[in-house]
file protein_5.tsv (TSV, C-alpha atoms and all ligand atoms)
chain	number	residue	atom	x	y	z
A	1	MET	CA	-181.91	-21.37	36.13
A	2	SER	CA	-182.82	-23.75	33.31
A	3	GLU	CA	-186.15	-25.49	33.46
A	4	SER	CA	-184.65	-28.92	34.18
A	5	SER	CA	-182.36	-27.82	36.99
A	6	ALA	CA	-185.29	-25.97	38.54
A	7	ARG	CA	-187.27	-29.18	38.51
A	8	GLN	CA	-184.35	-31.05	40.10
A	9	ALA	CA	-184.12	-28.52	42.88
A	10	SER	CA	-187.80	-28.75	43.64
A	11	VAL	CA	-187.68	-32.56	43.72
A	12	LYS	CA	-184.77	-32.47	46.12
A	13	ALA	CA	-186.58	-30.01	48.32
A	14	ILE	CA	-189.26	-32.56	49.04
A	15	ASP	CA	-188.09	-34.79	51.80
A	16	SER	CA	-188.47	-37.97	49.78
A	17	PRO	CA	-186.66	-41.13	50.79
A	18	ALA	CA	-185.50	-43.77	48.31
A	19	PRO	CA	-188.10	-46.10	46.80
A	20	ARG	CA	-189.11	-48.58	49.45
A	21	PRO	CA	-190.11	-52.20	48.82
A	22	LEU	CA	-193.32	-53.50	50.34
A	23	LYS	CA	-192.98	-53.94	54.06
A	24	ARG	CA	-193.60	-57.70	53.86
A	25	LEU	CA	-190.58	-58.07	51.56
A	26	GLN	CA	-188.12	-56.23	53.76
A	27	ALA	CA	-187.48	-59.13	56.15
A	28	LEU	CA	-187.36	-61.92	53.55
A	29	ALA	CA	-184.32	-64.11	54.03
A	30	PRO	CA	-182.85	-64.87	50.59
A	31	TYR	CA	-182.76	-68.49	49.40
A	32	LYS	CA	-179.29	-69.98	49.87
A	33	GLN	CA	-178.27	-72.38	47.17
A	34	GLY	CA	-175.84	-75.22	47.73
A	35	LYS	CA	-172.21	-74.18	47.41
A	36	SER	CA	-170.66	-75.12	44.08
A	37	GLN	CA	-167.07	-73.92	44.41
A	38	LEU	CA	-164.19	-74.07	46.83
A	39	PRO	CA	-161.38	-71.51	46.84
A	40	GLY	CA	-158.22	-72.71	45.13
A	41	ARG	CA	-159.81	-75.78	43.54
A	42	ASP	CA	-160.57	-76.31	39.86
A	43	ARG	CA	-162.44	-79.56	40.44
A	44	VAL	CA	-164.79	-80.22	43.28
A	45	ILE	CA	-167.16	-83.03	44.16
A	46	LYS	CA	-170.44	-81.18	44.47
A	47	LEU	CA	-172.86	-83.11	46.65
A	48	SER	CA	-174.85	-80.10	47.84
A	49	SER	CA	-177.82	-79.70	45.48
A	50	ASN	CA	-179.20	-83.18	44.69
A	51	GLU	CA	-178.55	-82.85	40.97
A	52	GLY	CA	-178.66	-86.10	38.97
A	53	CYS	CA	-175.21	-87.68	39.26
A	54	PHE	CA	-175.03	-88.91	35.65
A	55	GLY	CA	-175.92	-85.60	34.08
A	56	PRO	CA	-178.61	-85.21	31.43
A	57	SER	CA	-179.81	-88.11	29.31
A	58	PRO	CA	-177.89	-88.33	26.00
A	59	LYS	CA	-181.24	-87.90	24.24
A	60	ALA	CA	-181.85	-84.62	26.08
A	61	MET	CA	-178.42	-83.34	25.06
A	62	GLU	CA	-179.10	-84.23	21.45
A	63	ALA	CA	-182.44	-82.38	21.47
A	64	TYR	CA	-180.78	-79.39	23.12
A	65	ARG	CA	-178.04	-79.22	20.48
A	66	ALA	CA	-180.52	-79.66	17.64
A	67	LEU	CA	-182.37	-76.59	18.83
A	68	ALA	CA	-179.40	-74.22	18.51
A	69	PRO	CA	-180.21	-72.87	15.00
A	70	GLU	CA	-183.77	-72.05	16.16
A	71	LEU	CA	-182.84	-70.03	19.21
A	72	HIS	CA	-183.97	-66.79	17.57
A	73	ARG	CA	-187.55	-68.06	17.78
A	74	TYR	CA	-189.77	-67.62	20.79
A	75	PRO	CA	-190.63	-70.86	22.54
A	76	ASP	CA	-194.01	-72.50	22.04
A	77	GLY	CA	-196.04	-70.68	24.67
A	78	THR	CA	-198.59	-73.50	24.70
A	79	GLN	CA	-195.85	-76.01	25.68
A	80	THR	CA	-197.70	-78.61	23.63
A	81	GLN	CA	-194.87	-80.99	22.72
A	82	LEU	CA	-193.66	-81.40	26.29
A	83	ARG	CA	-197.14	-81.57	27.80
A	84	GLU	CA	-198.09	-84.32	25.36
A	85	ALA	CA	-194.88	-86.24	26.00
A	86	ILE	CA	-195.49	-86.11	29.77
A	87	ALA	CA	-199.16	-87.03	29.33
A	88	GLY	CA	-198.16	-90.05	27.24
A	89	VAL	CA	-195.66	-91.30	29.80
A	90	HIS	CA	-198.03	-90.98	32.77
A	91	GLY	CA	-201.36	-91.67	31.08
A	92	ILE	CA	-202.77	-88.28	32.13
A	93	ASP	CA	-204.57	-85.42	30.41
A	94	ALA	CA	-202.19	-83.03	28.60
A	95	ASP	CA	-204.70	-80.19	28.99
A	96	ARG	CA	-204.28	-80.33	32.75
A	97	ILE	CA	-200.48	-79.99	32.66
A	98	VAL	CA	-198.59	-76.71	32.85
A	99	CYS	CA	-194.82	-76.42	32.56
A	100	GLY	CA	-192.66	-73.88	34.31
A	101	ASN	CA	-189.20	-72.48	34.85
A	102	GLY	CA	-188.41	-75.24	37.31
A	103	SER	CA	-191.09	-76.69	39.56
A	104	GLU	CA	-190.30	-73.93	42.04
A	105	GLU	CA	-191.86	-71.40	39.65
A	106	LEU	CA	-195.05	-73.46	39.55
A	107	ILE	CA	-195.16	-73.79	43.33
A	108	GLY	CA	-194.72	-70.01	43.49
A	109	LEU	CA	-197.49	-69.42	40.95
A	110	LEU	CA	-199.88	-71.72	42.82
A	111	ILE	CA	-199.16	-69.90	46.06
A	112	ARG	CA	-199.66	-66.52	44.40
A	113	CYS	CA	-202.96	-67.71	42.89
A	114	PHE	CA	-204.46	-69.09	46.09
A	115	LEU	CA	-202.88	-67.33	49.05
A	116	GLY	CA	-203.60	-63.75	50.05
A	117	GLU	CA	-202.83	-61.33	52.83
A	118	GLY	CA	-203.53	-62.83	56.26
A	119	ASP	CA	-204.17	-66.31	54.87
A	120	GLU	CA	-202.27	-69.29	56.18
A	121	LEU	CA	-199.74	-71.40	54.31
A	122	LEU	CA	-199.35	-74.75	56.03
A	123	LEU	CA	-196.04	-76.59	55.70
A	124	SER	CA	-194.36	-79.47	57.44
A	125	GLU	CA	-191.46	-78.55	59.72
A	126	ASN	CA	-189.01	-79.67	57.03
A	127	ASN	CA	-190.03	-78.08	53.77
A	128	PHE	CA	-188.82	-76.62	50.52
A	129	MET	CA	-187.58	-73.20	51.55
A	130	MET	CA	-189.02	-71.34	48.56
A	131	CYS	CA	-192.53	-72.06	49.88
A	132	SER	CA	-192.17	-69.78	52.87
A	133	ILE	CA	-190.49	-67.10	50.76
A	134	TYR	CA	-193.46	-67.13	48.38
A	135	GLY	CA	-195.89	-67.25	51.30
A	136	LYS	CA	-194.31	-64.28	53.06
A	137	SER	CA	-194.29	-62.28	49.85
A	138	GLN	CA	-198.08	-62.71	49.80
A	139	ALA	CA	-198.23	-61.34	53.38
A	140	ALA	CA	-199.53	-64.71	54.49
A	141	LYS	CA	-198.87	-66.45	57.78
A	142	ILE	CA	-196.56	-69.46	57.64
A	143	VAL	CA	-197.72	-72.33	59.86
A	144	LEU	CA	-195.31	-75.20	60.51
A	145	ALA	CA	-196.50	-78.64	61.62
A	146	PRO	CA	-193.98	-80.60	63.70
A	147	GLU	CA	-192.53	-83.88	62.41
A	148	ARG	CA	-191.82	-87.15	64.16
A	149	ASP	CA	-188.61	-89.07	63.50
A	150	PHE	CA	-187.87	-86.96	60.42
A	151	GLN	CA	-191.28	-87.94	59.03
A	152	VAL	CA	-194.05	-85.69	57.85
A	153	ASP	CA	-196.86	-86.17	60.39
A	154	VAL	CA	-200.31	-86.16	58.82
A	155	ASP	CA	-202.10	-85.77	62.17
A	156	ALA	CA	-199.93	-82.79	63.08
A	157	LEU	CA	-200.73	-81.18	59.71
A	158	LEU	CA	-204.47	-81.80	60.14
A	159	LYS	CA	-204.39	-80.25	63.60
A	160	CYS	CA	-202.94	-77.02	62.17
A	161	ILE	CA	-205.75	-76.45	59.69
A	162	THR	CA	-207.97	-73.44	60.33
A	163	PRO	CA	-210.57	-71.60	58.24
A	164	ARG	CA	-207.69	-69.32	57.10
A	165	THR	CA	-205.58	-72.17	55.74
A	166	ARG	CA	-205.53	-71.75	51.98
A	167	VAL	CA	-202.56	-73.79	50.80
A	168	LEU	CA	-200.83	-76.88	52.19
A	169	SER	CA	-197.59	-77.86	50.51
A	170	VAL	CA	-195.82	-81.13	51.24
A	171	ALA	CA	-192.87	-82.65	49.44
A	172	ASN	CA	-193.17	-86.43	49.13
A	173	PRO	CA	-190.44	-87.62	49.44
A	174	ASN	CA	-189.41	-84.72	51.61
A	175	ASN	CA	-186.24	-82.64	51.58
A	176	PRO	CA	-183.83	-82.56	53.47
A	177	THR	CA	-184.98	-85.72	55.27
A	178	GLY	CA	-185.36	-88.03	52.24
A	179	THR	CA	-188.28	-89.83	53.91
A	180	TYR	CA	-191.69	-90.44	52.36
A	181	LEU	CA	-195.32	-90.75	53.35
A	182	PRO	CA	-196.76	-94.14	52.37
A	183	SER	CA	-199.85	-94.22	50.17
A	184	ALA	CA	-202.24	-94.87	53.07
A	185	GLU	CA	-201.08	-91.63	54.72
A	186	ILE	CA	-201.41	-89.65	51.50
A	187	GLU	CA	-204.89	-91.07	51.12
A	188	ARG	CA	-205.77	-90.00	54.65
A	189	LEU	CA	-204.31	-86.53	54.06
A	190	VAL	CA	-206.26	-85.81	50.88
A	191	ALA	CA	-209.43	-87.27	52.42
A	192	GLU	CA	-209.28	-85.26	55.63
A	193	VAL	CA	-207.98	-81.88	54.52
A	194	PRO	CA	-211.06	-79.73	53.95
A	195	PRO	CA	-211.84	-78.85	50.33
A	196	HIS	CA	-211.11	-75.12	50.74
A	197	VAL	CA	-207.40	-75.93	51.11
A	198	LEU	CA	-205.28	-76.40	48.00
A	199	ILE	CA	-202.89	-79.33	48.54
A	200	ILE	CA	-199.59	-79.17	46.65
A	201	LEU	CA	-197.80	-82.53	46.52
A	202	ASP	CA	-194.24	-81.63	45.54
A	203	GLY	CA	-192.81	-84.62	43.71
A	204	ALA	CA	-189.28	-83.41	42.97
A	205	TYR	CA	-187.83	-86.84	43.87
A	206	VAL	CA	-190.65	-89.17	42.78
A	207	GLU	CA	-188.55	-90.94	40.13
A	208	TYR	CA	-186.10	-92.27	42.73
A	209	VAL	CA	-188.68	-94.06	44.83
A	210	THR	CA	-189.03	-97.82	44.39
A	211	ARG	CA	-191.23	-98.67	47.42
A	212	GLU	CA	-194.44	-100.53	46.72
A	213	ASP	CA	-196.43	-98.48	49.20
A	214	TYR	CA	-195.48	-95.18	47.56
A	215	ASP	CA	-198.06	-93.00	45.83
A	216	ASP	CA	-196.92	-90.16	43.55
A	217	GLY	CA	-200.28	-88.43	44.04
A	218	LEU	CA	-201.19	-88.18	40.35
A	219	ARG	CA	-204.36	-90.22	40.92
A	220	TRP	CA	-205.52	-87.69	43.51
A	221	ALA	CA	-204.69	-84.75	41.26
A	222	GLU	CA	-206.72	-86.57	38.63
A	223	LYS	CA	-209.78	-86.96	40.84
A	224	LEU	CA	-209.93	-84.29	43.51
A	225	PRO	CA	-210.68	-80.59	43.01
A	226	ASN	CA	-208.01	-79.42	45.47
A	227	VAL	CA	-204.89	-81.52	44.77
A	228	VAL	CA	-202.02	-80.47	42.51
A	229	VAL	CA	-198.82	-82.43	41.90
A	230	THR	CA	-195.59	-80.67	40.91
A	231	ARG	CA	-192.69	-82.46	39.25
A	232	SER	CA	-189.15	-81.53	38.34
A	233	PHE	CA	-186.63	-82.28	35.62
A	234	SER	CA	-183.83	-81.05	37.89
A	235	LYS	CA	-183.18	-84.13	39.95
A	236	MET	CA	-183.57	-87.51	38.21
A	237	TYR	CA	-183.45	-86.03	34.70
A	238	GLY	CA	-180.32	-83.98	35.27
A	239	LEU	CA	-181.66	-80.78	33.72
A	240	ALA	CA	-181.38	-78.40	36.69
A	241	GLY	CA	-179.44	-75.87	34.63
A	242	LEU	CA	-182.25	-75.53	32.08
A	243	ARG	CA	-184.97	-74.88	34.69
A	244	ILE	CA	-187.96	-77.00	33.77
A	245	GLY	CA	-190.75	-78.62	35.76
A	246	TRP	CA	-194.46	-79.30	35.46
A	247	ALA	CA	-197.66	-79.36	37.44
A	248	TYR	CA	-200.78	-81.50	37.06
A	249	GLY	CA	-204.10	-80.74	38.66
A	250	PRO	CA	-207.76	-79.85	38.31
A	251	ALA	CA	-208.53	-78.00	35.07
A	252	ASP	CA	-209.59	-74.77	36.78
A	253	VAL	CA	-206.47	-74.68	38.97
A	254	ILE	CA	-204.19	-75.21	35.97
A	255	GLU	CA	-206.15	-72.58	34.06
A	256	VAL	CA	-205.55	-69.88	36.64
A	257	VAL	CA	-201.82	-70.72	36.68
A	258	ASN	CA	-201.84	-70.37	32.90
A	259	ARG	CA	-203.36	-66.92	33.24
A	260	LEU	CA	-200.78	-65.73	35.73
A	261	ARG	CA	-197.63	-67.27	34.24
A	262	THR	CA	-195.65	-65.30	31.68
A	263	PRO	CA	-196.35	-66.55	28.15
A	264	PHE	CA	-192.83	-67.94	27.64
A	265	ASN	CA	-192.00	-69.07	31.18
A	266	ALA	CA	-190.59	-72.38	29.92
A	267	ASN	CA	-187.77	-71.73	27.47
A	268	ALA	CA	-187.39	-73.49	24.12
A	269	ALA	CA	-184.23	-75.42	24.99
A	270	ALA	CA	-185.76	-76.67	28.22
A	271	LEU	CA	-188.99	-77.74	26.53
A	272	ALA	CA	-187.12	-79.69	23.83
A	273	ALA	CA	-184.60	-81.34	26.16
A	274	ALA	CA	-187.26	-82.32	28.70
A	275	ALA	CA	-189.49	-83.85	26.02
A	276	ALA	CA	-186.58	-86.08	25.01
A	277	ALA	CA	-185.57	-86.86	28.60
A	278	VAL	CA	-188.99	-87.95	29.79
A	279	THR	CA	-189.04	-91.01	27.52
A	280	ASP	CA	-185.44	-92.04	28.18
A	281	TYR	CA	-186.47	-94.84	30.54
A	282	GLU	CA	-183.07	-96.48	30.33
A	283	HIS	CA	-181.29	-93.44	31.75
A	284	VAL	CA	-183.83	-93.23	34.57
A	285	GLU	CA	-183.65	-96.93	35.41
A	286	HIS	CA	-179.86	-96.97	35.37
A	287	THR	CA	-179.71	-93.93	37.67
A	288	ARG	CA	-182.35	-95.32	40.01
A	289	ARG	CA	-180.48	-98.60	40.47
A	290	HIS	CA	-177.15	-96.86	41.00
A	291	VAL	CA	-178.60	-94.56	43.66
A	292	ALA	CA	-180.46	-97.33	45.52
A	293	ALA	CA	-177.33	-99.49	45.70
A	294	TRP	CA	-175.22	-96.62	46.99
A	295	GLN	CA	-177.83	-95.54	49.52
A	296	GLU	CA	-177.57	-98.97	51.09
A	297	ARG	CA	-173.81	-99.05	51.09
A	298	ILE	CA	-173.40	-95.52	52.45
A	299	ALA	CA	-176.05	-95.95	55.17
A	300	SER	CA	-174.31	-99.06	56.39
A	301	ALA	CA	-170.76	-97.61	56.22
A	302	LEU	CA	-171.70	-94.43	58.08
A	303	GLY	CA	-174.13	-96.19	60.41
A	304	ASP	CA	-171.31	-98.50	61.49
A	305	ARG	CA	-169.44	-95.40	62.56
A	306	GLY	CA	-172.12	-94.26	64.95
A	307	VAL	CA	-173.87	-91.44	63.11
A	308	THR	CA	-177.52	-91.73	62.10
A	309	VAL	CA	-178.29	-91.83	58.40
A	310	VAL	CA	-181.99	-91.06	58.01
A	311	PRO	CA	-183.48	-93.77	55.74
A	312	SER	CA	-183.90	-92.08	52.37
A	313	VAL	CA	-185.83	-93.01	49.23
A	314	THR	CA	-184.23	-90.16	47.25
A	315	ASN	CA	-180.81	-89.35	45.76
A	316	PHE	CA	-179.61	-87.69	48.97
A	317	TYR	CA	-179.32	-88.59	52.64
A	318	LEU	CA	-179.38	-86.68	55.86
A	319	VAL	CA	-176.61	-87.49	58.32
A	320	ASP	CA	-177.31	-86.76	61.98
A	321	PHE	CA	-174.11	-86.38	64.02
A	322	GLU	CA	-175.83	-86.14	67.39
A	323	PRO	CA	-175.17	-89.75	68.47
A	324	ARG	CA	-171.44	-89.08	68.15
A	325	ALA	CA	-170.79	-86.66	71.03
A	326	ASP	CA	-167.19	-86.17	69.89
A	327	LYS	CA	-167.99	-85.19	66.29
A	328	THR	CA	-169.90	-82.34	64.68
A	329	ALA	CA	-171.49	-81.69	61.31
A	330	LYS	CA	-169.56	-78.45	61.06
A	331	GLU	CA	-166.19	-80.08	61.57
A	332	ALA	CA	-167.11	-82.88	59.17
A	333	ALA	CA	-168.07	-80.33	56.51
A	334	ALA	CA	-164.75	-78.53	56.98
A	335	VAL	CA	-162.82	-81.78	56.56
A	336	MET	CA	-164.86	-82.66	53.47
A	337	GLU	CA	-164.33	-79.25	51.91
A	338	ALA	CA	-160.60	-79.42	52.63
A	339	ASN	CA	-160.73	-82.55	50.48
A	340	GLY	CA	-162.77	-80.98	47.70
A	341	ILE	CA	-166.16	-82.43	48.65
A	342	ILE	CA	-169.11	-80.09	49.18
A	343	PRO	CA	-172.04	-81.22	51.36
A	344	ARG	CA	-175.07	-79.12	52.30
A	345	PRO	CA	-175.02	-78.04	55.95
A	346	GLY	CA	-178.29	-78.53	57.78
A	347	SER	CA	-179.73	-76.73	60.76
A	348	ALA	CA	-178.37	-76.72	64.30
A	349	ASP	CA	-174.86	-77.84	63.33
A	350	ARG	CA	-176.14	-81.34	63.73
A	351	PHE	CA	-176.92	-82.38	60.19
A	352	LEU	CA	-175.33	-82.66	56.77
A	353	ARG	CA	-177.36	-83.38	53.66
A	354	ILE	CA	-175.31	-85.19	51.04
A	355	THR	CA	-176.21	-86.06	47.44
A	356	VAL	CA	-175.48	-89.52	46.04
A	357	GLY	CA	-172.78	-89.05	43.40
A	358	THR	CA	-170.98	-91.24	40.89
A	359	ASP	CA	-169.01	-94.31	42.02
A	360	GLU	CA	-165.83	-92.27	42.20
A	361	GLU	CA	-167.49	-89.44	44.13
A	362	ASN	CA	-169.13	-91.75	46.65
A	363	GLU	CA	-165.88	-93.67	47.21
A	364	ALA	CA	-164.13	-90.36	47.91
A	365	LEU	CA	-166.94	-89.34	50.25
A	366	LEU	CA	-166.71	-92.56	52.23
A	367	GLU	CA	-162.98	-92.31	52.50
A	368	VAL	CA	-163.02	-88.71	53.73
A	369	LEU	CA	-166.11	-88.73	55.95
A	370	GLY	CA	-165.40	-92.28	57.15
A	371	GLY	CA	-161.84	-91.22	57.94
A	372	TYR	CA	-163.07	-88.23	59.95
A	373	LEU	CA	-165.49	-90.41	61.94
A	374	ASP	CA	-162.76	-93.01	62.58
A	375	ALA	CA	-160.13	-90.52	63.71
A	401	LIG	C1	-185.08	-79.29	44.10
A	401	LIG	C2	-186.44	-79.20	44.68
A	401	LIG	C3	-187.44	-78.45	44.06
A	401	LIG	C4	-187.20	-77.52	42.90
A	401	LIG	O1	-186.94	-78.09	41.74
A	401	LIG	P1	-186.84	-77.24	40.40
A	401	LIG	O2	-187.68	-78.02	39.47
A	401	LIG	O3	-185.39	-77.22	40.07
A	401	LIG	O4	-187.37	-75.87	40.62
A	401	LIG	C5	-188.71	-78.45	44.60
A	401	LIG	N1	-188.96	-79.12	45.73
A	401	LIG	C6	-188.03	-79.83	46.36
A	401	LIG	C7	-188.39	-80.55	47.61
A	401	LIG	C8	-186.72	-79.87	45.87
A	401	LIG	O5	-185.78	-80.53	46.54
call {"tool": "encode", "arguments": {"input": "protein_5.tsv", "output": "structure tokens"}}
result
Amino acid sequence: MSESSARQASVKAIDSPAPRPLKRLQALAPYKQGKSQLPGRDRVIKLSSNEGCFGPSPKAMEAYRALAPELHRYPDGTQTQLREAIAGVHGIDADRIVCGNGSEELIGLLIRCFLGEGDELLLSENNFMMCSIYGKSQAAKIVLAPERDFQVDVDALLKCITPRTRVLSVANPNNPTGTYLPSAEIERLVAEVPPHVLIILDGAYVEYVTREDYDDGLRWAEKLPNVVVTRSFSKMYGLAGLRIGWAYGPADVIEVVNRLRTPFNANAAALAAAAAAVTDYEHVEHTRRHVAAWQERIASALGDRGVTVVPSVTNFYLVDFEPRADKTAKEAAAVMEANGIIPRPGSADRFLRITVGTDEENEALLEVLGGYLDA
């Protein structure tokens, strides 16, 4: 017997099973992304992932193209250009900004930095699904606070806080409801949550909100030692494919994220395109106006047909089919898909979440979904 085959035999002799992942990872349900294709169709109307309907800003595309000859270089690990561009737009401190591979990476890093085994991660009933995946991977307990009328309920959140609560993450506006907490409620939340709890205010849809009583949370992240705001370039800025987002918070919180993140977590193309996008106010304003006008028109057209459209301040809306006893979300989705339109199914076969699209896409949506509700 050769030496190597002898070693093989002895390894086999030990009753050793295959490598096993950590127990807490075995039951993780994988994140399900919105469908993007339908069998037998070259072109679809994808209204399942809340991507910006007008695509990236022309300025972002130009910056992206200009970077092509430099792609052999590592990105700037200090992310300086983008951090300074963001700081300039929002009047905040560039040193307290960190960029990431989508805001979901930053939410994940924050959770990994502050949440350990047996700790509690507090979320509202409707929440960004990656939060509980990150929480479970830390062997933490996920605590869900109930909502009222599709609204995050500050009192319900406060009631769930225990000495083991380490992180509280709330999206404002929230997903998939599209509703928001007014500034007085945010103020109450940050005032009443005890200081040992890190509050993540997920602002993925901030740029769509036009309400006067809305608060993006940056002033609290500026002032308080336990508030961090995360922001995304995936929704309003139309850069979901590049994966880029940022977080702003207390210096020591940002510093620990900087220690844990990989040195090049934000890629060069994303950094360059986002720096161009963030100052393209015209693109943002045009998109915002388009979405607000369509939200009104769609809510009224579908509302007239007896379903509930949850009032949304974002670029998507949640349709509740319950008031129409003769219709279901599942059947509606099937009819839409048969016509090349992809919504995002919600829980309990009662809801569909639909992204606001272009004029043409929204007209098609109203014709198909309206037709189903009229039939
Ligand atoms: C889309 C979304 C995100 C993630 O955005 P990325 O920047 O693409 O990672 C985070 N939170 C909410 C509520 C979202 O809807």
call {"tool": "residues_around", "arguments": {"input": "protein_5.tsv", "residues": "segment 208-211 of chain A", "least_positions_apart": "6", "cutoff": "7 Å", "atoms": "all atoms listed in the file", "output": "VMD selection string"}}
result
chain A and resid 288 313 to 315
call {"tool": "residues_near_ligand", "arguments": {"input": "protein_5.tsv", "ligand": "ligand LIG 401 (chain A)", "cutoff": "6 Å", "atoms": "only C-alpha atoms and all ligand atoms", "output": "PyMOL selection string"}}
result
chain A and resi 102-104+128+171+174-175+202+204+232-234+240+243-245
call {"tool": "atom_distance", "arguments": {"input": "protein_5.tsv", "atom1": "atom CA of Val98 of chain A", "atom2": "atom CA of Asp153 of chain A"}}
result
29.2 Å
call {"tool": "residues_around", "arguments": {"input": "protein_5.tsv", "residues": "Asn126 of chain A", "least_positions_apart": "5", "cutoff": "10 Å", "atoms": "all atoms listed in the file", "output": "tab-separated table (two decimals) with C-alpha atoms, in the coordinates of the input"}}
result
chain	number	residue	atom	x	y	z
A	144	LEU	CA	-195.31	-75.20	60.51
A	145	ALA	CA	-196.50	-78.64	61.62
A	146	PRO	CA	-193.98	-80.60	63.70
A	147	GLU	CA	-192.53	-83.88	62.41
A	150	PHE	CA	-187.87	-86.96	60.42
A	151	GLN	CA	-191.28	-87.94	59.03
A	152	VAL	CA	-194.05	-85.69	57.85
A	170	VAL	CA	-195.82	-81.13	51.24
A	171	ALA	CA	-192.87	-82.65	49.44
A	174	ASN	CA	-189.41	-84.72	51.61
A	175	ASN	CA	-186.24	-82.64	51.58
A	176	PRO	CA	-183.83	-82.56	53.47
A	177	THR	CA	-184.98	-85.72	55.27
call {"tool": "atom_distance", "arguments": {"input": "protein_5.tsv", "atom1": "atom CA of Pro56 of chain A", "atom2": "atom CA of Pro263 of chain A"}}
result
26.0 Å
call {"tool": "atom_distance", "arguments": {"input": "protein_5.tsv", "atom1": "atom CA of Val89 of chain A", "atom2": "atom CA of His283 of chain A"}}
result
14.7 Å
call {"tool": "closest_residue", "arguments": {"input": "protein_5.tsv", "among": "A:Gly88, A:Gly116, A:Pro343, A:Gly357", "to": "Leu369 of chain A", "atoms": "all atoms listed in the file"}}
result
A:Pro343
call {"tool": "residues_around", "arguments": {"input": "protein_5.tsv", "residues": "Lys35 of chain A", "least_positions_apart": "2", "cutoff": "10 Å", "atoms": "all atoms listed in the file", "output": "list of chain:residue names"}}
result
A:Lys32, A:Gln33, A:Gln37, A:Leu38, A:Lys46, A:Leu47, A:Ser48, A:Ser49, A:Ile342, A:Pro343, A:Arg344, A:Pro345
call {"tool": "closest_residue", "arguments": {"input": "protein_5.tsv", "among": "A:Ile186, A:Ala375, A:Asp149, A:Val197", "to": "Asp320 of chain A", "atoms": "all atoms listed in the file"}}
result
A:Asp149
call {"tool": "closest_residue", "arguments": {"input": "protein_5.tsv", "among": "A:Tyr205, A:Phe264, A:Tyr64, A:Tyr248", "to": "Lys223 of chain A", "atoms": "all atoms listed in the file"}}
result
A:Tyr248
call {"tool": "closest_residue", "arguments": {"input": "protein_5.tsv", "among": "A:Val154, A:Met130, A:Ala184, A:Val190", "to": "Glu105 of chain A", "atoms": "only C-alpha atoms"}}
result
A:Met130
call {"tool": "closest_residue", "arguments": {"input": "protein_5.tsv", "among": "A:Ala68, A:Leu106, A:Val256, A:Val291", "to": "Ala273 of chain A", "atoms": "all atoms listed in the file"}}
result
A:Ala68
call {"tool": "decode", "arguments": {"input": "protein_5.tsv", "residues": "segment 122-156 of chain A", "atoms": "C-alpha atoms", "output": "short mmCIF file (atom, residue, chain, number, x, y, z; two decimals), in the first residue's frame"}}
result
data_model
loop_
_atom_site.label_atom_id
_atom_site.label_comp_id
_atom_site.auth_asym_id
_atom_site.auth_seq_id
_atom_site.Cartn_x
_atom_site.Cartn_y
_atom_site.Cartn_z
CA LEU A 122 -36.24 43.79 17.85
CA LEU A 123 -38.12 44.35 14.59
CA SER A 124 -41.54 45.54 13.61
CA GLU A 125 -43.92 42.86 12.32
CA ASN A 126 -43.27 44.02 8.76
CA ASN A 127 -39.54 44.29 8.27
CA PHE A 128 -36.70 43.89 5.83
CA MET A 129 -36.22 40.14 5.70
CA MET A 130 -32.42 40.22 5.73
CA CYS A 131 -32.54 41.54 9.31
CA SER A 132 -33.86 38.30 10.75
CA ILE A 133 -31.46 36.26 8.61
CA TYR A 134 -28.54 38.24 10.03
CA GLY A 135 -30.00 38.04 13.53
CA LYS A 136 -30.45 34.27 13.40
CA SER A 137 -26.93 33.82 12.08
CA GLN A 138 -25.74 35.52 15.28
CA ALA A 139 -27.79 33.00 17.32
CA ALA A 140 -29.89 35.90 18.55
CA LYS A 141 -33.58 35.86 19.35
CA ILE A 142 -35.83 37.69 16.90
CA VAL A 143 -38.60 39.67 18.61
CA LEU A 144 -41.44 41.03 16.47
CA ALA A 145 -43.62 43.94 17.59
CA PRO A 146 -47.15 43.93 16.17
CA GLU A 147 -48.32 46.73 13.87
CA ARG A 148 -51.61 48.59 13.68
CA ASP A 149 -53.23 49.37 10.33
CA PHE A 150 -50.02 48.52 8.47
CA GLN A 151 -48.19 51.08 10.62
CA VAL A 152 -45.12 50.58 12.74
CA ASP A 153 -46.33 50.97 16.34
CA VAL A 154 -43.85 52.77 18.57
CA ASP A 155 -45.62 51.75 21.78
CA ALA A 156 -45.61 48.10 20.73
#
